[in-house]
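The next block is run.txt, given as compact mmCIF, C-alpha atoms.
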```
# COMPACT_ATOMS: atom_id res chain seq x y z
CA MET A 28 73.10 78.13 63.44
CA GLY A 29 72.75 80.21 60.26
CA PRO A 30 70.65 79.51 57.19
CA ALA A 31 71.79 76.59 55.03
CA LYS A 32 73.74 77.53 51.96
CA ALA A 33 73.37 75.94 48.50
CA ILE A 34 74.48 72.33 48.66
CA PRO A 35 76.51 70.79 45.82
CA THR A 36 74.53 68.03 44.04
CA PHE A 37 75.62 64.97 42.17
CA ASP A 38 73.76 63.35 39.22
CA LEU A 39 73.42 59.76 40.39
CA VAL A 40 71.45 58.87 37.22
CA SER A 41 74.38 59.76 35.01
CA LEU A 42 76.61 57.88 37.41
CA ARG A 43 74.57 54.73 36.85
CA MET A 44 74.74 55.17 33.06
CA HIS A 45 78.51 54.99 33.15
CA GLN A 46 78.89 52.48 35.95
CA ASP A 47 76.81 49.49 36.89
CA PRO A 48 75.64 50.10 40.52
CA GLN A 49 76.05 46.41 41.23
CA SER A 50 79.67 46.32 40.14
CA PRO A 51 82.38 46.00 42.85
CA THR A 52 83.68 49.51 42.23
CA ALA A 53 80.36 51.38 41.88
CA LYS A 54 79.12 51.01 45.48
CA PRO A 55 82.27 52.45 47.11
CA ARG A 56 82.11 55.41 44.75
CA ILE A 57 78.47 56.10 45.58
CA ARG A 58 79.28 55.94 49.30
CA VAL A 59 82.10 58.47 48.79
CA TYR A 60 79.79 60.88 46.95
CA LEU A 61 77.11 60.56 49.65
CA SER A 62 79.73 61.21 52.34
CA LEU A 63 80.80 64.37 50.50
CA ILE A 64 77.19 65.55 50.32
CA PHE A 65 76.72 64.98 54.09
CA ALA A 66 79.96 66.81 54.92
CA SER A 67 78.90 69.71 52.72
CA ILE A 68 75.59 69.99 54.59
CA VAL A 69 77.33 70.08 57.98
CA LEU A 70 80.01 72.59 56.99
CA THR A 71 77.70 75.02 55.16
CA ALA A 72 74.79 74.89 57.61
CA CYS A 73 76.88 75.11 60.81
CA PRO A 74 79.84 77.49 60.36
CA PRO A 75 82.39 77.67 63.23
CA LYS A 76 81.28 80.01 66.02
CA THR A 77 83.44 82.95 67.08
CA PRO A 78 84.12 82.96 70.86
CA THR A 79 82.15 85.59 72.76
CA GLN A 80 83.90 88.25 74.84
CA SER A 81 82.89 86.49 78.07
CA GLN A 82 84.32 83.20 76.76
CA ILE A 83 87.58 84.94 75.87
CA VAL A 84 87.91 86.46 79.35
CA ASP A 85 86.96 83.20 81.10
CA SER A 86 89.47 81.29 78.96
CA ARG A 87 92.29 83.69 79.83
CA ILE A 88 91.47 83.48 83.54
CA ALA A 89 91.30 79.68 83.42
CA ALA A 90 94.78 79.62 81.86
CA LEU A 91 96.31 81.50 84.80
CA THR A 92 98.55 79.38 87.03
CA ALA A 93 99.41 80.02 90.66
CA SER A 94 103.03 80.84 91.45
CA GLU A 95 104.85 79.31 94.42
CA SER A 96 107.47 82.07 94.49
CA ILE A 97 108.16 83.78 97.83
CA TYR A 98 109.19 87.43 97.98
CA LYS A 99 110.88 88.51 101.21
CA ALA A 100 110.19 91.68 103.14
CA ASP A 101 113.67 93.05 102.38
CA ALA A 102 113.33 92.71 98.59
CA LEU A 103 114.54 95.74 96.68
CA ALA A 104 112.05 98.08 95.05
CA ASN A 105 111.95 98.11 91.27
CA ASN A 106 109.82 101.19 90.74
CA GLN A 107 109.56 103.51 87.74
CA ARG A 108 111.50 101.78 84.98
CA ALA A 109 110.05 101.70 81.47
CA GLY A 110 108.62 98.33 80.45
CA GLN A 111 107.29 97.31 83.87
CA TRP A 112 103.76 95.92 84.18
CA LEU A 113 101.27 94.46 86.65
CA GLN A 114 98.22 92.30 85.89
CA TYR A 115 95.24 91.71 88.19
CA LYS A 116 92.00 89.78 88.34
CA SER A 117 89.22 91.94 89.78
CA VAL A 118 85.89 90.46 90.87
CA ASP A 119 82.95 92.82 91.47
CA GLU A 120 79.94 92.47 93.78
CA TYR A 121 78.11 90.46 91.09
CA GLY A 122 80.92 87.95 90.72
CA GLU A 123 81.94 89.16 87.25
CA PRO A 124 85.69 89.26 86.59
CA THR A 125 87.81 91.95 84.97
CA LEU A 126 91.41 91.57 83.86
CA LEU A 127 93.43 94.72 84.58
CA THR A 128 96.88 95.44 83.20
CA TYR A 129 98.92 98.47 84.31
CA LYS A 130 102.01 99.37 82.26
CA LEU A 131 104.78 101.92 82.45
CA ILE A 132 105.58 102.66 78.81
CA SER A 133 108.26 105.32 79.38
CA SER A 134 109.73 107.30 82.29
CA ASP A 135 112.61 109.66 83.02
CA GLY A 136 111.73 110.01 86.69
CA PHE A 137 109.38 112.98 86.23
CA ASN A 138 107.76 112.52 82.82
CA HIS A 139 105.90 109.23 82.46
CA SER A 140 103.63 107.51 79.99
CA ILE A 141 101.37 104.78 81.30
CA GLU A 142 98.68 102.52 79.93
CA VAL A 143 95.77 100.83 81.70
CA VAL A 144 93.92 98.02 79.91
CA GLU A 145 90.57 96.78 81.26
CA GLU A 146 89.00 93.60 79.84
CA ASP A 147 85.63 92.31 81.04
CA TYR A 148 82.53 90.52 79.71
CA HIS A 149 81.44 93.65 77.84
CA GLY A 150 84.65 94.35 75.92
CA SER A 151 88.08 95.89 76.37
CA PHE A 152 89.11 99.48 76.99
CA ALA A 153 92.64 100.91 76.99
CA SER A 154 93.74 104.32 78.33
CA TYR A 155 97.15 105.73 77.40
CA ILE A 156 98.21 108.74 79.48
CA GLU A 157 101.27 111.01 79.35
CA LEU A 158 101.89 112.90 82.58
CA ARG A 159 104.39 114.84 84.63
CA TYR A 160 104.75 113.85 88.24
CA ASP A 161 107.39 113.65 90.94
CA PRO A 162 106.59 110.44 92.89
CA GLY A 163 108.00 112.13 96.00
CA ARG A 164 105.32 114.83 95.98
CA ASP A 165 101.57 114.87 96.61
CA VAL A 166 99.41 113.32 93.90
CA GLU A 167 97.62 116.65 93.48
CA ASN A 168 100.74 117.82 91.67
CA LEU A 169 100.27 115.16 88.99
CA GLU A 170 99.74 116.89 85.63
CA VAL A 171 98.11 115.03 82.72
CA LYS A 172 99.63 116.19 79.42
CA ARG A 173 97.97 113.86 76.91
CA ALA A 174 95.43 111.03 76.84
CA LEU A 175 94.28 108.56 74.21
CA THR A 176 91.65 105.86 74.57
CA ARG A 177 90.78 102.78 72.55
CA HIS A 178 87.69 100.55 72.64
CA GLY A 179 88.41 96.97 71.57
CA GLU A 180 90.04 96.84 68.14
CA GLY A 181 88.78 100.29 67.20
CA ALA A 182 90.90 103.29 66.27
CA PRO A 183 92.44 105.23 69.17
CA LYS A 184 90.79 108.52 70.07
CA GLU A 185 92.89 111.42 71.34
CA SER A 186 91.42 113.70 73.99
CA SER A 187 91.28 117.37 73.12
CA SER A 188 92.49 120.02 75.57
CA GLU A 189 88.83 120.58 76.49
CA ASP A 190 88.35 116.86 77.18
CA LEU A 191 91.46 116.82 79.34
CA ALA A 192 90.13 119.72 81.37
CA VAL A 193 86.75 118.03 81.87
CA LYS A 194 88.22 114.61 82.68
CA LYS A 195 91.21 115.89 84.63
CA SER A 196 90.17 114.29 87.91
CA TYR A 197 89.44 110.94 86.23
CA TYR A 198 92.79 110.73 84.43
CA ARG A 199 94.60 111.92 87.55
CA ALA A 200 92.90 109.23 89.65
CA LEU A 201 93.73 106.57 87.07
CA ALA A 202 97.38 107.64 86.85
CA SER A 203 97.86 108.07 90.58
CA GLN A 204 97.10 104.38 91.12
CA LEU A 205 100.56 103.59 89.76
CA PHE A 206 102.39 105.51 92.51
CA THR A 207 102.50 104.44 96.17
CA PRO A 208 103.52 106.57 99.18
CA TRP A 209 105.90 104.03 100.72
CA ASN A 210 106.60 106.21 103.76
CA GLN A 211 103.03 106.00 105.11
CA GLY A 212 103.13 102.72 106.99
CA VAL A 213 105.02 99.64 108.14
CA LEU A 214 105.96 96.65 105.97
CA ASP A 215 104.58 93.97 108.26
CA GLU A 216 101.75 92.01 106.56
CA ASP A 217 102.04 88.79 104.55
CA ILE A 218 99.74 88.25 101.54
CA VAL A 219 99.34 85.21 99.27
CA VAL A 220 97.84 85.67 95.79
CA GLY A 221 98.08 83.99 92.40
CA ALA A 222 101.38 85.73 91.62
CA GLY A 223 103.06 84.30 94.76
CA GLN A 224 103.62 84.89 98.47
CA PHE A 225 104.63 88.41 99.45
CA GLN A 226 106.09 88.84 102.93
CA GLY A 227 106.16 92.23 104.62
CA CYS A 228 103.52 94.21 102.72
CA LEU A 229 102.50 97.81 103.34
CA LYS A 230 98.77 98.23 104.07
CA LEU A 231 97.07 101.45 102.94
CA GLU A 232 93.61 102.77 102.17
CA MET A 233 93.42 104.13 98.63
CA ALA A 234 90.92 105.40 96.08
CA LEU A 235 90.86 103.12 93.02
CA THR A 236 89.22 103.55 89.62
CA ILE A 237 88.17 100.49 87.62
CA VAL A 238 85.97 100.35 84.50
CA GLY A 239 84.99 103.97 85.08
CA LEU A 240 83.93 103.49 88.71
CA SER A 241 85.80 104.94 91.71
CA PHE A 242 85.76 103.41 95.18
CA ARG A 243 87.87 103.11 98.30
CA ALA A 244 89.71 99.97 99.28
CA ASP A 245 92.23 98.53 101.69
CA THR A 246 95.34 97.77 99.63
CA TRP A 247 98.53 95.83 100.26
CA HIS A 248 101.81 96.70 98.50
CA HIS A 249 105.22 95.00 98.28
CA PRO A 250 108.52 96.79 97.49
CA PHE A 251 109.76 94.08 95.11
CA LEU A 252 106.91 94.71 92.68
CA PRO A 253 107.12 97.44 90.01
CA LEU A 254 104.96 100.56 89.78
CA ASN A 255 102.67 100.86 92.82
CA GLY A 256 103.56 97.35 94.03
CA MET A 257 99.93 96.49 94.81
CA VAL A 258 99.38 92.84 95.72
CA ARG A 259 95.73 92.84 96.76
CA ALA A 260 92.80 95.20 97.34
CA GLU A 261 89.50 94.76 99.21
CA ARG A 262 86.70 97.27 98.84
CA THR A 263 85.73 99.24 101.95
CA ASP A 264 82.78 101.20 100.54
CA GLY A 265 80.09 98.76 101.67
CA THR A 266 80.13 96.57 98.57
CA GLU A 267 81.91 93.29 97.87
CA GLY A 268 84.87 93.21 95.54
CA THR A 269 88.50 92.11 95.42
CA ILE A 270 91.54 92.69 93.24
CA GLU A 271 94.44 90.21 93.24
CA LEU A 272 97.77 90.22 91.46
CA VAL A 273 98.03 87.33 88.99
CA ASP A 274 101.22 88.24 87.10
CA PHE A 275 103.85 90.96 86.70
CA GLY A 276 107.01 91.80 84.78
CA LEU A 277 110.00 94.09 85.18
CA ASP A 278 110.26 94.73 81.43
CA GLY A 279 108.55 94.05 78.11
CA ALA A 280 105.48 96.29 78.37
CA HIS A 281 104.35 98.05 75.19
CA SER A 282 101.36 100.22 74.36
CA LEU A 283 98.39 98.70 72.53
CA VAL A 284 97.09 102.21 71.90
CA LEU A 285 100.29 103.59 70.37
CA ASP A 286 100.72 100.43 68.30
CA ALA A 287 97.33 101.15 66.69
CA VAL A 288 98.26 104.81 66.06
CA ARG A 289 101.42 103.82 64.24
```
Hey, can you dump this file as structure tokens for me?
Amino acid sequence: MGPAKAIPTFDLVSLRMHQDPQSPTAKPRIRVYLSLIFASIVLTACPPKTPTQSQIVDSRIAALTASESIYKADALANNQRAGQWLQYKSVDEYGEPTLLTYKLISSDGFNHSIEVVEEDYHGSFASYIELRYDPGRDVENLEVKRALTRHGEGAPKESSSEDLAVKKSYYRALASQLFTPWNQGVLDEDIVVGAGQFQGCLKLEMALTIVGLSFRADTWHHPFLPLNGMVRAERTDGTEGTIELVDFGLDGAHSLVLDAVR
């Protein structure tokens, strides 16, 4: 609660000079003036509070609703079309949540632009990456061409060629999470998460990067979902932590970073 501001005052003596306090109309007027003074005290001394970042994240998570949709094992893949997006709730070993959104902003099959948005109790961070990659080849062939980052509502920052060279492995790891080697297993596991029931998932072990930290995890993927199709992930590096799909879309994704540049 901040310091009280100057409070408007009313000259009740002058009021009495013009109106007999005992008259039928004087008392209601005095009560109205006193009510205005009290309201002024409350509004000036206790301004509305802005929600904290943790309250914003908790509110968004609380608003999520579970889907009863069922996706069969023979659903068709919808990979690598511009506008697709996936959203997850990640919970770390301390029980703190992070909302993760992966987007495919543009793609011609080999040249892609993606965006990853991470929102937790400490703020939000968005990474926009332009890359060249053939999803049919090894991820080591993924080439990062451009990268921009944005903290919260701040101005986007473009990485220089020197920054790209230094952070090459980080950007490559972040980008590679959006591509899944579908030929490396059998679609035979059923997973239920907030986004629905997914029958016939592919189980893999992958390296994931979240809020700047890399770790290994068992992951489950479904061919109906866009991008990497990940449904769920469980850490396998000795620490607790899960990632679950809460929502997804086959179109409509746009870049928060590029919007700020324009």
Q) Around (90.9, 101.1, 88.7) in the file's frame, which residues reach within 12 Å when counting all atoms listed in the file? Return as an MDAnalysis selection string? A) chainID A and resid 114:119 125:129 142:146 152:154 197:205 233:244 257 260 262 269:270
The distance between CA of Ala109 in chain A and CA of Asp286 in chain A is 16.2 Å
* From A:Gly136, A:Gly122, A:Gly110, A:Gly150, residue lying nearest Ser81 in chain A [all atoms listed in the file] ->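 Closest residue, counting all atoms listed in the file: A:Gly150.
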Closest-contact table, range 188-219 of chain A side, partner range 174-182 of chain A, 10 Å, counting all atoms listed in the file, as CSV:
```
residue,atom,partner,partner_atom,distance
A:Ser188,CA,A:Ala174,CA,9.5
A:Asp190,CA,A:Ala174,CA,9.2
A:Leu191,CA,A:Ala174,CA,7.5
A:Lys194,CA,A:Ala174,CA,9.9
A:Tyr198,CA,A:Ala174,CA,8.0
```
Using all atoms listed in the file, the best pick from A:Asp274, A:Gln111, A:Thr77, A:Asp161 as closest to Thr92 in chain A would be A:Asp274
Computed gap from CA of Gln107 in chain A to CA of Tyr160 in chain A is 11.4 Å
Set the distance at 12 Å and use only C-alpha atoms: which residues neighbour range 216-222 of chain A once local chain neighbours fewer than 3 positions away are removed? I'd like the list as a PyMOL selection string. chain A and resi 88+90-100+113-116+212-213+225-231+246-249+252+257-260+269-276
Keeping only C-alpha atoms, write those residues as a PDB file, in the coordinates of the input.
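See out_4.pdb below for the written result:
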```
ATOM      1  CA  ILE A  88      91.470  83.480  83.540  1.00  0.00           C
ATOM      2  CA  ALA A  90      94.780  79.620  81.860  1.00  0.00           C
ATOM      3  CA  LEU A  91      96.310  81.500  84.800  1.00  0.00           C
ATOM      4  CA  THR A  92      98.550  79.380  87.030  1.00  0.00           C
ATOM      5  CA  ALA A  93      99.410  80.020  90.660  1.00  0.00           C
ATOM      6  CA  SER A  94     103.030  80.840  91.450  1.00  0.00           C
ATOM      7  CA  GLU A  95     104.850  79.310  94.420  1.00  0.00           C
ATOM      8  CA  SER A  96     107.470  82.070  94.490  1.00  0.00           C
ATOM      9  CA  ILE A  97     108.160  83.780  97.830  1.00  0.00           C
ATOM     10  CA  TYR A  98     109.190  87.430  97.980  1.00  0.00           C
ATOM     11  CA  LYS A  99     110.880  88.510 101.210  1.00  0.00           C
ATOM     12  CA  ALA A 100     110.190  91.680 103.140  1.00  0.00           C
ATOM     13  CA  LEU A 113     101.270  94.460  86.650  1.00  0.00           C
ATOM     14  CA  GLN A 114      98.220  92.300  85.890  1.00  0.00           C
ATOM     15  CA  TYR A 115      95.240  91.710  88.190  1.00  0.00           C
ATOM     16  CA  LYS A 116      92.000  89.780  88.340  1.00  0.00           C
ATOM     17  CA  GLY A 212     103.130 102.720 106.990  1.00  0.00           C
ATOM     18  CA  VAL A 213     105.020  99.640 108.140  1.00  0.00           C
ATOM     19  CA  PHE A 225     104.630  88.410  99.450  1.00  0.00           C
ATOM     20  CA  GLN A 226     106.090  88.840 102.930  1.00  0.00           C
ATOM     21  CA  GLY A 227     106.160  92.230 104.620  1.00  0.00           C
ATOM     22  CA  CYS A 228     103.520  94.210 102.720  1.00  0.00           C
ATOM     23  CA  LEU A 229     102.500  97.810 103.340  1.00  0.00           C
ATOM     24  CA  LYS A 230      98.770  98.230 104.070  1.00  0.00           C
ATOM     25  CA  LEU A 231      97.070 101.450 102.940  1.00  0.00           C
ATOM     26  CA  THR A 246      95.340  97.770  99.630  1.00  0.00           C
ATOM     27  CA  TRP A 247      98.530  95.830 100.260  1.00  0.00           C
ATOM     28  CA  HIS A 248     101.810  96.700  98.500  1.00  0.00           C
ATOM     29  CA  HIS A 249     105.220  95.000  98.280  1.00  0.00           C
ATOM     30  CA  LEU A 252     106.910  94.710  92.680  1.00  0.00           C
ATOM     31  CA  MET A 257      99.930  96.490  94.810  1.00  0.00           C
ATOM     32  CA  VAL A 258      99.380  92.840  95.720  1.00  0.00           C
ATOM     33  CA  ARG A 259      95.730  92.840  96.760  1.00  0.00           C
ATOM     34  CA  ALA A 260      92.800  95.200  97.340  1.00  0.00           C
ATOM     35  CA  THR A 269      88.500  92.110  95.420  1.00  0.00           C
ATOM     36  CA  ILE A 270      91.540  92.690  93.240  1.00  0.00           C
ATOM     37  CA  GLU A 271      94.440  90.210  93.240  1.00  0.00           C
ATOM     38  CA  LEU A 272      97.770  90.220  91.460  1.00  0.00           C
ATOM     39  CA  VAL A 273      98.030  87.330  88.990  1.00  0.00           C
ATOM     40  CA  ASP A 274     101.220  88.240  87.100  1.00  0.00           C
ATOM     41  CA  PHE A 275     103.850  90.960  86.700  1.00  0.00           C
ATOM     42  CA  GLY A 276     107.010  91.800  84.780  1.00  0.00           C
TER      43      GLY A 276
END
```
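Take the candidates A:Val288, A:Glu232, A:Asp147, A:Arg159 and check each one against Thr263 in chain A using all atoms listed in the file; the shortest distance goes to A:Glu232.
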